>>> print(open('data03.csv').read())   # CSV, C-alpha atoms
chain,number,residue,atom,x,y,z
A,1,GLN,CA,-11.1,-9.1,-8.5
A,2,SER,CA,-8.0,-7.0,-8.5
A,3,VAL,CA,-7.2,-4.6,-11.3
A,4,LEU,CA,-3.6,-5.9,-11.5
A,5,THR,CA,-3.3,-9.7,-11.8
A,6,GLN,CA,-0.7,-11.7,-9.9
A,7,PRO,CA,-0.3,-15.5,-9.5
A,8,PRO,CA,-1.6,-16.4,-6.1
A,9,SER,CA,1.4,-18.5,-5.2
A,10,ALA,CA,5.0,-19.1,-6.2
A,11,SER,CA,7.8,-21.3,-4.7
A,12,GLY,CA,11.4,-22.0,-4.9
A,13,THR,CA,14.3,-23.6,-3.1
A,14,PRO,CA,17.1,-21.8,-1.3
A,15,GLY,CA,19.6,-20.3,-3.8
A,16,GLN,CA,17.1,-20.4,-6.7
A,17,ARG,CA,15.8,-17.4,-8.7
A,18,VAL,CA,12.1,-16.9,-8.7
A,19,THR,CA,10.0,-14.4,-10.7
A,20,ILE,CA,6.6,-13.0,-9.8
A,21,SER,CA,4.5,-11.5,-12.6
A,22,CYS,CA,2.0,-8.6,-12.5
A,23,SER,CA,-0.3,-8.1,-15.4
A,24,GLY,CA,-2.3,-4.8,-16.0
A,25,SER,CA,-3.4,-2.6,-18.8
A,26,SER,CA,-2.6,0.5,-20.8
A,27,SER,CA,-4.3,2.7,-18.1
A,28,ASN,CA,-2.0,1.5,-15.3
A,29,ILE,CA,1.2,-0.4,-15.9
A,30,ARG,CA,1.8,0.9,-19.5
A,31,SER,CA,1.3,4.5,-18.5
A,32,ASN,CA,2.7,4.7,-14.9
A,33,TYR,CA,5.5,3.4,-12.7
A,34,VAL,CA,5.1,0.1,-10.9
A,35,CYS,CA,6.0,-0.5,-7.2
A,36,TRP,CA,6.5,-3.7,-5.3
A,37,TYR,CA,6.0,-4.5,-1.7
A,38,GLN,CA,7.0,-7.4,0.6
A,39,GLN,CA,4.7,-8.3,3.5
A,40,LEU,CA,6.1,-10.7,6.1
A,41,PRO,CA,3.5,-12.5,8.2
A,42,GLY,CA,1.8,-10.3,10.7
A,43,THR,CA,3.6,-7.1,9.7
A,44,ALA,CA,3.0,-4.0,7.6
A,45,PRO,CA,4.1,-4.1,3.9
A,46,LYS,CA,7.7,-3.0,3.1
A,47,PHE,CA,8.7,-0.8,0.2
A,48,LEU,CA,10.7,-3.1,-2.1
A,49,ILE,CA,10.9,-1.6,-5.6
A,50,TYR,CA,9.8,1.8,-7.0
A,51,ARG,CA,9.8,3.4,-10.5
A,52,ASN,CA,9.6,-0.2,-12.0
A,53,SER,CA,13.2,-1.2,-11.1
A,54,GLN,CA,14.6,1.1,-8.4
A,55,ARG,CA,15.5,-0.2,-4.9
A,56,PRO,CA,15.1,1.9,-1.8
A,57,SER,CA,18.1,2.2,0.4
A,58,GLY,CA,18.6,-1.1,2.4
A,59,VAL,CA,16.9,-3.4,0.0
A,60,PRO,CA,19.3,-6.1,-1.2
A,61,ASP,CA,20.2,-6.2,-4.8
A,62,ARG,CA,18.9,-9.8,-4.9
A,63,PHE,CA,15.6,-8.1,-5.5
A,64,SER,CA,15.0,-6.6,-9.0
A,65,GLY,CA,12.1,-5.2,-10.9
A,66,SER,CA,11.3,-4.8,-14.6
A,67,LYS,CA,8.4,-3.6,-16.8
A,68,SER,CA,7.5,-4.3,-20.4
A,69,GLY,CA,4.3,-3.0,-21.9
A,70,THR,CA,1.3,-3.8,-19.7
A,71,SER,CA,3.2,-6.3,-17.5
A,72,ALA,CA,5.8,-6.0,-14.7
A,73,SER,CA,7.9,-8.6,-12.9
A,74,LEU,CA,9.7,-9.0,-9.6
A,75,ALA,CA,12.7,-11.3,-9.5
A,76,ILE,CA,14.4,-12.6,-6.4
A,77,SER,CA,17.7,-14.3,-6.9
A,78,GLY,CA,19.7,-16.3,-4.3
A,79,LEU,CA,16.4,-17.2,-2.6
A,80,ARG,CA,16.5,-17.3,1.2
A,81,SER,CA,14.1,-18.6,3.8
A,82,GLU,CA,13.5,-15.1,5.1
A,83,ASP,CA,12.1,-14.2,1.7
A,84,GLU,CA,9.0,-16.2,2.4
A,85,ALA,CA,6.3,-13.6,2.4
A,86,ASP,CA,3.4,-12.1,0.4
A,87,TYR,CA,4.4,-9.8,-2.5
A,88,TYR,CA,2.2,-7.1,-4.0
A,89,CYS,CA,2.6,-4.9,-7.1
A,90,ALA,CA,0.9,-1.5,-7.4
A,91,ALA,CA,0.5,1.3,-9.9
A,92,TRP,CA,-1.7,4.4,-10.5
A,93,ASP,CA,-4.6,3.8,-12.8
A,94,ASP,CA,-5.4,6.8,-15.0
A,95,SER,CA,-8.9,5.5,-15.9
A,96,LEU,CA,-9.9,4.9,-12.4
A,97,SER,CA,-7.9,7.8,-10.9
A,98,ALA,CA,-6.9,5.3,-8.2
A,99,LEU,CA,-3.9,3.6,-6.8
A,100,VAL,CA,-4.5,-0.1,-7.6
A,101,PHE,CA,-2.8,-3.2,-6.2
A,102,GLY,CA,-2.4,-6.7,-7.4
A,103,GLY,CA,-4.0,-9.5,-5.4
A,104,GLY,CA,-0.7,-10.6,-4.0
A,105,THR,CA,1.5,-13.6,-4.4
A,106,LYS,CA,2.4,-15.9,-1.6
A,107,LEU,CA,6.1,-17.0,-1.9
A,108,THR,CA,7.0,-20.2,-0.3
A,109,VAL,CA,10.7,-21.2,0.2
A,110,LEU,CA,10.8,-25.0,0.1
B,1,GLN,CA,13.4,8.5,10.6
B,2,VAL,CA,9.8,8.9,9.5
B,3,GLN,CA,7.3,7.1,11.7
B,4,LEU,CA,3.6,6.8,11.5
B,5,GLN,CA,1.2,5.5,14.2
B,6,GLU,CA,-2.5,4.8,13.8
B,7,SER,CA,-5.0,5.3,16.6
B,8,GLY,CA,-8.7,4.9,17.0
B,9,PRO,CA,-11.4,2.5,18.1
B,10,GLY,CA,-10.9,-1.1,17.4
B,11,LEU,CA,-14.6,-1.8,17.3
B,12,VAL,CA,-17.3,0.1,15.3
B,13,GLU,CA,-21.0,-0.7,15.1
B,14,PRO,CA,-22.6,-1.2,11.7
B,15,SER,CA,-23.9,2.0,10.1
B,16,GLU,CA,-21.7,4.2,12.3
B,17,THR,CA,-18.6,6.2,11.2
B,18,LEU,CA,-15.1,4.7,11.5
B,19,SER,CA,-12.6,7.4,12.6
B,20,LEU,CA,-8.8,6.9,12.7
B,21,THR,CA,-5.9,9.2,13.2
B,22,CYS,CA,-2.3,8.9,12.0
B,23,ALA,CA,0.4,10.6,14.1
B,24,VAL,CA,3.5,11.4,12.1
B,25,SER,CA,7.0,11.9,13.6
B,26,GLY,CA,10.3,12.7,11.9
B,27,TYR,CA,8.7,14.7,9.1
B,28,SER,CA,6.3,17.6,8.7
B,29,ILE,CA,3.2,16.6,6.8
B,30,SER,CA,3.1,20.1,5.3
B,31,GLY,CA,6.5,19.7,3.9
B,32,GLY,CA,5.4,17.6,0.9
B,33,TYR,CA,4.3,14.1,-0.1
B,34,TYR,CA,0.9,12.5,-0.1
B,35,TRP,CA,-0.5,11.0,3.1
B,36,GLY,CA,-3.0,8.2,2.9
B,37,TRP,CA,-4.8,5.2,4.1
B,38,ILE,CA,-4.7,1.6,2.8
B,39,ARG,CA,-6.6,-1.3,4.3
B,40,GLN,CA,-6.4,-5.1,4.3
B,41,PRO,CA,-9.3,-7.3,5.2
B,42,PRO,CA,-8.3,-10.4,7.2
B,43,GLY,CA,-6.6,-12.9,4.9
B,44,LYS,CA,-7.0,-10.7,1.8
B,45,GLY,CA,-5.0,-8.2,-0.2
B,46,LEU,CA,-4.3,-4.5,0.0
B,47,GLU,CA,-6.9,-1.8,-1.0
B,48,TRP,CA,-6.1,1.9,-1.3
B,49,ILE,CA,-8.7,4.0,0.4
B,50,GLY,CA,-7.4,7.5,-0.5
B,51,SER,CA,-4.8,10.1,0.0
B,52,VAL,CA,-4.4,13.8,0.8
B,53,TYR,CA,-1.6,15.9,-0.7
B,54,HIS,CA,0.3,18.2,1.6
B,55,SER,CA,-1.6,21.1,0.0
B,56,GLY,CA,-4.9,19.6,1.1
B,57,SER,CA,-6.0,18.2,-2.2
B,58,THR,CA,-7.7,14.8,-1.8
B,59,TYR,CA,-7.9,11.7,-3.9
B,60,TYR,CA,-10.2,8.8,-3.1
B,61,ASN,CA,-10.9,5.3,-4.3
B,62,PRO,CA,-13.9,5.6,-6.5
B,63,SER,CA,-15.5,2.5,-4.8
B,64,LEU,CA,-15.4,4.3,-1.4
B,65,LYS,CA,-15.6,7.9,-2.5
B,66,SER,CA,-19.1,8.6,-1.3
B,67,ARG,CA,-18.2,7.4,2.3
B,68,VAL,CA,-14.6,8.6,2.8
B,69,SER,CA,-13.0,11.8,4.0
B,70,ILE,CA,-9.3,12.3,4.7
B,71,SER,CA,-7.9,15.5,6.2
B,72,LEU,CA,-4.7,17.0,7.5
B,73,ASP,CA,-4.1,18.7,10.9
B,74,THR,CA,-0.7,20.4,10.4
B,75,SER,CA,-0.8,21.9,13.9
B,76,LYS,CA,-0.7,18.4,15.4
B,77,ASN,CA,1.3,16.9,12.5
B,78,HIS,CA,-1.3,14.2,11.9
B,79,PHE,CA,-4.0,13.2,9.4
B,80,SER,CA,-7.3,11.5,9.8
B,81,LEU,CA,-9.7,9.1,8.1
B,82,LYS,CA,-13.5,9.0,8.4
B,83,LEU,CA,-15.4,6.2,6.7
B,84,SER,CA,-19.2,6.5,7.1
B,85,SER,CA,-22.0,3.9,7.1
B,86,VAL,CA,-19.7,1.0,7.7
B,87,THR,CA,-20.6,-2.6,7.3
B,88,ALA,CA,-18.9,-5.9,8.1
B,89,ALA,CA,-17.2,-5.6,4.8
B,90,ASP,CA,-15.2,-2.7,6.2
B,91,THR,CA,-13.5,-4.9,8.8
B,92,ALA,CA,-9.8,-4.7,8.1
B,93,VAL,CA,-6.4,-3.8,9.2
B,94,TYR,CA,-6.1,-0.1,8.4
B,95,TYR,CA,-2.6,1.3,7.6
B,96,CYS,CA,-1.7,4.9,7.3
B,97,ALA,CA,1.1,5.7,4.9
B,98,ARG,CA,3.3,8.2,3.2
B,99,LEU,CA,3.2,8.2,-0.6
B,100,GLY,CA,5.8,9.9,-2.8
B,101,THR,CA,5.5,11.2,-6.3
B,102,ASN,CA,4.6,8.3,-8.6
B,103,TRP,CA,2.5,6.9,-5.7
B,104,GLY,CA,5.1,4.7,-4.1
B,105,VAL,CA,4.3,4.0,-0.4
B,106,ASP,CA,7.7,4.5,1.3
B,107,TYR,CA,6.5,4.6,4.9
B,108,TRP,CA,3.8,2.6,6.6
B,109,GLY,CA,2.2,2.6,10.0
B,110,GLN,CA,2.1,-0.7,11.9
B,111,GLY,CA,-1.6,-1.0,11.1
B,112,THR,CA,-4.7,-1.2,13.4
B,113,LEU,CA,-7.4,-3.7,13.2
B,114,VAL,CA,-10.9,-2.3,13.0
B,115,THR,CA,-13.8,-4.7,13.4
B,116,VAL,CA,-17.3,-3.7,12.4
B,117,SER,CA,-19.8,-5.6,14.6
B,118,SER,CA,-22.6,-5.0,17.0
>>> encode(input="data03.csv", output="structure tokens")
Amino acid sequence: QSVLTQPPSASGTPGQRVTISCSGSSSNIRSNYVCWYQQLPGTAPKFLIYRNSQRPSGVPDRFSGSKSGTSASLAISGLRSEDEADYYCAAWDDSLSALVFGGGTKLTVL
Amino acid sequence: QVQLQESGPGLVEPSETLSLTCAVSGYSISGGYYWGWIRQPPGKGLEWIGSVYHSGSTYYNPSLKSRVSISLDTSKNHFSLKLSSVTAADTAVYYCARLGTNWGVDYWGQGTLVTVSS
């Protein structure tokens, strides 16, 4: 069981906007920054969002992140077939003194 | 461009020690950042194993702390992972990674599959 909770799956059609949630607690998401990663099949994860809502260079602005209280969200607008991947949230947990990940959400583009 | 490359045995026997090395190019590991290991069992999610700061300070996942050691070799610009007393549950793709302040993983190795089996 992961410390951060994500829905196991999400889906959308091309052009749609989809949102993936990440639920945590006061010791992780409320207290620390959240990051998001995209993992395409058979590849290493890719840095997608840092400090809750910042995009690394090269990440399209179709991807956006937000945080409120003990939850965070990743939104993908203008959905494309190449966005089909697994998405993970992560944050430092002060109680565990550990970097914790969500269980991952498999996004399907219908 | 920062690049990381894992190397080490792909097969380890139960109860033995898993040893992996991550060669870093494009950045000096003594120049800053955390350097760490993250694993992913087949078909499952990501698990942080631990990290070492450029100063040598280490941080380990509490669930693995008794079995893990991560160290830097600045002369070779690489860092290493040792995980002792492995079982089949340690079978996973192991990624080495660079972590910035706030613990964001900005660079990943390609990953290496380590299977624990006799």
>>> residues_around(input="data03.csv", residues="Asn102 in chain B", least_positions_apart="6", cutoff="12 Å", atoms="only C-alpha atoms", output="PyMOL selection string")
(chain A and resi 28-29+31-35+50-52+90-94+98-99) or (chain B and resi 33-34)
>>> atom_distance(input="data03.csv", atom1="CA of Leu107 in chain A", atom2="CA of Leu79 in chain A")
10.3 Å
>>> atom_distance(input="data03.csv", atom1="CA of Gly102 in chain A", atom2="CA of Val86 in chain B")
24.2 Å
>>> closest_atom_pairs(input="data03.csv", of="chain A", to="chain B", cutoff="6 Å", atoms="all atoms listed in the file", output="JSON lines")
{"residue": "A:Ala44", "atom": "CA", "partner": "B:Gln110", "partner_atom": "CA", "distance": 5.5}
{"residue": "A:Phe47", "atom": "CA", "partner": "B:Asp106", "partner_atom": "CA", "distance": 5.5}
{"residue": "A:Ala98", "atom": "CA", "partner": "B:Asn61", "partner_atom": "CA", "distance": 5.6}
{"residue": "A:Gly103", "atom": "CA", "partner": "B:Gly45", "partner_atom": "CA", "distance": 5.5}
>>> residues_around(input="data03.csv", residues="Ser55 in chain B", least_positions_apart="2", cutoff="8 Å", atoms="all atoms listed in the file", output="PyMOL selection string")
chain B and resi 30+32+52-53+57
>>> closest_residue(input="data03.csv", among="A:Val18, A:Ala10, A:Ala85, A:Ala75", to="Gln38 in chain A", atoms="only C-alpha atoms")
A:Ala85
>>> atom_distance(input="data03.csv", atom1="CA of Gly56 in chain B", atom2="CA of Leu18 in chain B")
20.8 Å
>>> closest_residue(input="data03.csv", among="B:Leu113, B:Ala92, B:Ala97, B:Leu4", to="Pro42 in chain B", atoms="all atoms listed in the file")
B:Ala92
>>> closest_residue(input="data03.csv", among="B:Val114, B:Val2, B:Leu20, B:Leu11", to="Ser69 in chain B", atoms="all atoms listed in the file")
B:Leu20
>>> closest_residue(input="data03.csv", among="B:Thr91, B:Ser71, B:Gln3, B:Thr112", to="Ala23 in chain B", atoms="only C-alpha atoms")
B:Gln3
>>> closest_residue(input="data03.csv", among="A:Pro7, A:Gln1, A:Leu110, A:Tyr88", to="Pro45 in chain A", atoms="only C-alpha atoms")
A:Tyr88
>>> closest_residue(input="data03.csv", among="A:Asp86, A:Ser95, A:Val100, A:Val109", to="Tyr37 in chain A", atoms="all atoms listed in the file")
A:Asp86
>>> residues_around(input="data03.csv", residues="Ser84 in chain B", least_positions_apart="4", cutoff="7 Å", atoms="only C-alpha atoms", output="list in words")
Glu16, Thr17, Leu18, Arg67 and Val68 of chain B
>>> write_last_selection(input="data03.csv", atoms="C-alpha atoms", output="PDB file, in the frame of the given file")
ATOM      1  CA  GLU B  16     -21.700   4.200  12.300  1.00  0.00           C
ATOM      2  CA  THR B  17     -18.600   6.200  11.200  1.00  0.00           C
ATOM      3  CA  LEU B  18     -15.100   4.700  11.500  1.00  0.00           C
ATOM      4  CA  ARG B  67     -18.200   7.400   2.300  1.00  0.00           C
ATOM      5  CA  VAL B  68     -14.600   8.600   2.800  1.00  0.00           C
TER       6      VAL B  68
END
>>> decode(input="data03.csv", residues="range 16-84 of chain A", atoms="C-alpha atoms", output="PDB file, in the first residue's frame")
ATOM      1  CA  GLN A  16      -9.873  16.253 -23.774  1.00  0.00           C
ATOM      2  CA  ARG A  17      -8.597  17.458 -20.417  1.00  0.00           C
ATOM      3  CA  VAL A  18      -7.922  14.814 -17.788  1.00  0.00           C
ATOM      4  CA  THR A  19      -6.951  15.154 -14.153  1.00  0.00           C
ATOM      5  CA  ILE A  20      -5.076  12.690 -11.952  1.00  0.00           C
ATOM      6  CA  SER A  21      -5.287  13.064  -8.180  1.00  0.00           C
ATOM      7  CA  CYS A  22      -2.729  12.289  -5.491  1.00  0.00           C
ATOM      8  CA  SER A  23      -3.861  12.131  -1.885  1.00  0.00           C
ATOM      9  CA  GLY A  24      -1.482  12.243   1.064  1.00  0.00           C
ATOM     10  CA  SER A  25      -1.261  13.637   4.576  1.00  0.00           C
ATOM     11  CA  SER A  26       0.098  16.487   6.652  1.00  0.00           C
ATOM     12  CA  SER A  27       3.515  14.844   6.864  1.00  0.00           C
ATOM     13  CA  ASN A  28       4.065  14.693   3.130  1.00  0.00           C
ATOM     14  CA  ILE A  29       1.954  16.696   0.661  1.00  0.00           C
ATOM     15  CA  ARG A  30       0.872  19.427   3.097  1.00  0.00           C
ATOM     16  CA  SER A  31       4.417  19.993   4.316  1.00  0.00           C
ATOM     17  CA  ASN A  32       6.514  19.466   1.205  1.00  0.00           C
ATOM     18  CA  TYR A  33       6.643  19.975  -2.527  1.00  0.00           C
ATOM     19  CA  VAL A  34       5.010  17.464  -4.871  1.00  0.00           C
ATOM     20  CA  CYS A  35       6.605  16.166  -8.080  1.00  0.00           C
ATOM     21  CA  TRP A  36       5.066  14.256 -10.963  1.00  0.00           C
ATOM     22  CA  TYR A  37       6.654  11.747 -13.333  1.00  0.00           C
ATOM     23  CA  GLN A  38       5.571  10.238 -16.637  1.00  0.00           C
ATOM     24  CA  GLN A  39       6.642   6.706 -17.481  1.00  0.00           C
ATOM     25  CA  LEU A  40       6.124   5.533 -21.033  1.00  0.00           C
ATOM     26  CA  PRO A  41       6.029   1.745 -21.540  1.00  0.00           C
ATOM     27  CA  GLY A  42       9.441   0.145 -21.174  1.00  0.00           C
ATOM     28  CA  THR A  43      11.255   3.374 -20.326  1.00  0.00           C
ATOM     29  CA  ALA A  44      12.574   5.195 -17.280  1.00  0.00           C
ATOM     30  CA  PRO A  45      10.326   7.790 -15.657  1.00  0.00           C
ATOM     31  CA  LYS A  46      10.544  11.364 -16.903  1.00  0.00           C
ATOM     32  CA  PHE A  47      10.523  14.483 -14.725  1.00  0.00           C
ATOM     33  CA  LEU A  48       7.214  16.207 -15.461  1.00  0.00           C
ATOM     34  CA  ILE A  49       6.373  18.644 -12.634  1.00  0.00           C
ATOM     35  CA  TYR A  50       8.386  19.900  -9.645  1.00  0.00           C
ATOM     36  CA  ARG A  51       7.607  22.198  -6.713  1.00  0.00           C
ATOM     37  CA  ASN A  52       3.896  21.386  -7.131  1.00  0.00           C
ATOM     38  CA  SER A  53       3.395  23.254 -10.393  1.00  0.00           C
ATOM     39  CA  GLN A  54       6.696  24.022 -12.121  1.00  0.00           C
ATOM     40  CA  ARG A  55       7.572  22.437 -15.445  1.00  0.00           C
ATOM     41  CA  PRO A  56      11.152  21.467 -16.329  1.00  0.00           C
ATOM     42  CA  SER A  57      12.469  22.788 -19.587  1.00  0.00           C
ATOM     43  CA  GLY A  58      10.972  20.928 -22.537  1.00  0.00           C
ATOM     44  CA  VAL A  59       7.755  19.806 -20.843  1.00  0.00           C
ATOM     45  CA  PRO A  60       4.748  21.122 -22.790  1.00  0.00           C
ATOM     46  CA  ASP A  61       2.457  23.572 -21.044  1.00  0.00           C
ATOM     47  CA  ARG A  62      -0.377  21.093 -21.633  1.00  0.00           C
ATOM     48  CA  PHE A  63       0.851  19.558 -18.382  1.00  0.00           C
ATOM     49  CA  SER A  64       0.088  21.435 -15.171  1.00  0.00           C
ATOM     50  CA  GLY A  65       0.237  20.654 -11.474  1.00  0.00           C
ATOM     51  CA  SER A  66      -1.483  22.017  -8.404  1.00  0.00           C
ATOM     52  CA  LYS A  67      -1.644  21.379  -4.682  1.00  0.00           C
ATOM     53  CA  SER A  68      -4.190  22.104  -1.994  1.00  0.00           C
ATOM     54  CA  GLY A  69      -3.837  20.909   1.576  1.00  0.00           C
ATOM     55  CA  THR A  70      -3.038  17.210   1.605  1.00  0.00           C
ATOM     56  CA  SER A  71      -3.861  16.606  -2.066  1.00  0.00           C
ATOM     57  CA  ALA A  72      -2.230  17.348  -5.386  1.00  0.00           C
ATOM     58  CA  SER A  73      -3.371  17.042  -8.974  1.00  0.00           C
ATOM     59  CA  LEU A  74      -1.866  16.676 -12.412  1.00  0.00           C
ATOM     60  CA  ALA A  75      -3.883  18.016 -15.318  1.00  0.00           C
ATOM     61  CA  ILE A  76      -3.264  17.213 -18.962  1.00  0.00           C
ATOM     62  CA  SER A  77      -5.091  19.331 -21.502  1.00  0.00           C
ATOM     63  CA  GLY A  78      -5.374  18.728 -25.247  1.00  0.00           C
ATOM     64  CA  LEU A  79      -4.850  15.018 -24.661  1.00  0.00           C
ATOM     65  CA  ARG A  80      -2.716  13.214 -27.251  1.00  0.00           C
ATOM     66  CA  SER A  81      -2.133   9.544 -27.971  1.00  0.00           C
ATOM     67  CA  GLU A  82       1.496   9.910 -26.916  1.00  0.00           C
ATOM     68  CA  ASP A  83       0.348  10.898 -23.423  1.00  0.00           C
ATOM     69  CA  GLU A  84      -0.676   7.277 -22.822  1.00  0.00           C
TER      70      GLU A  84
END
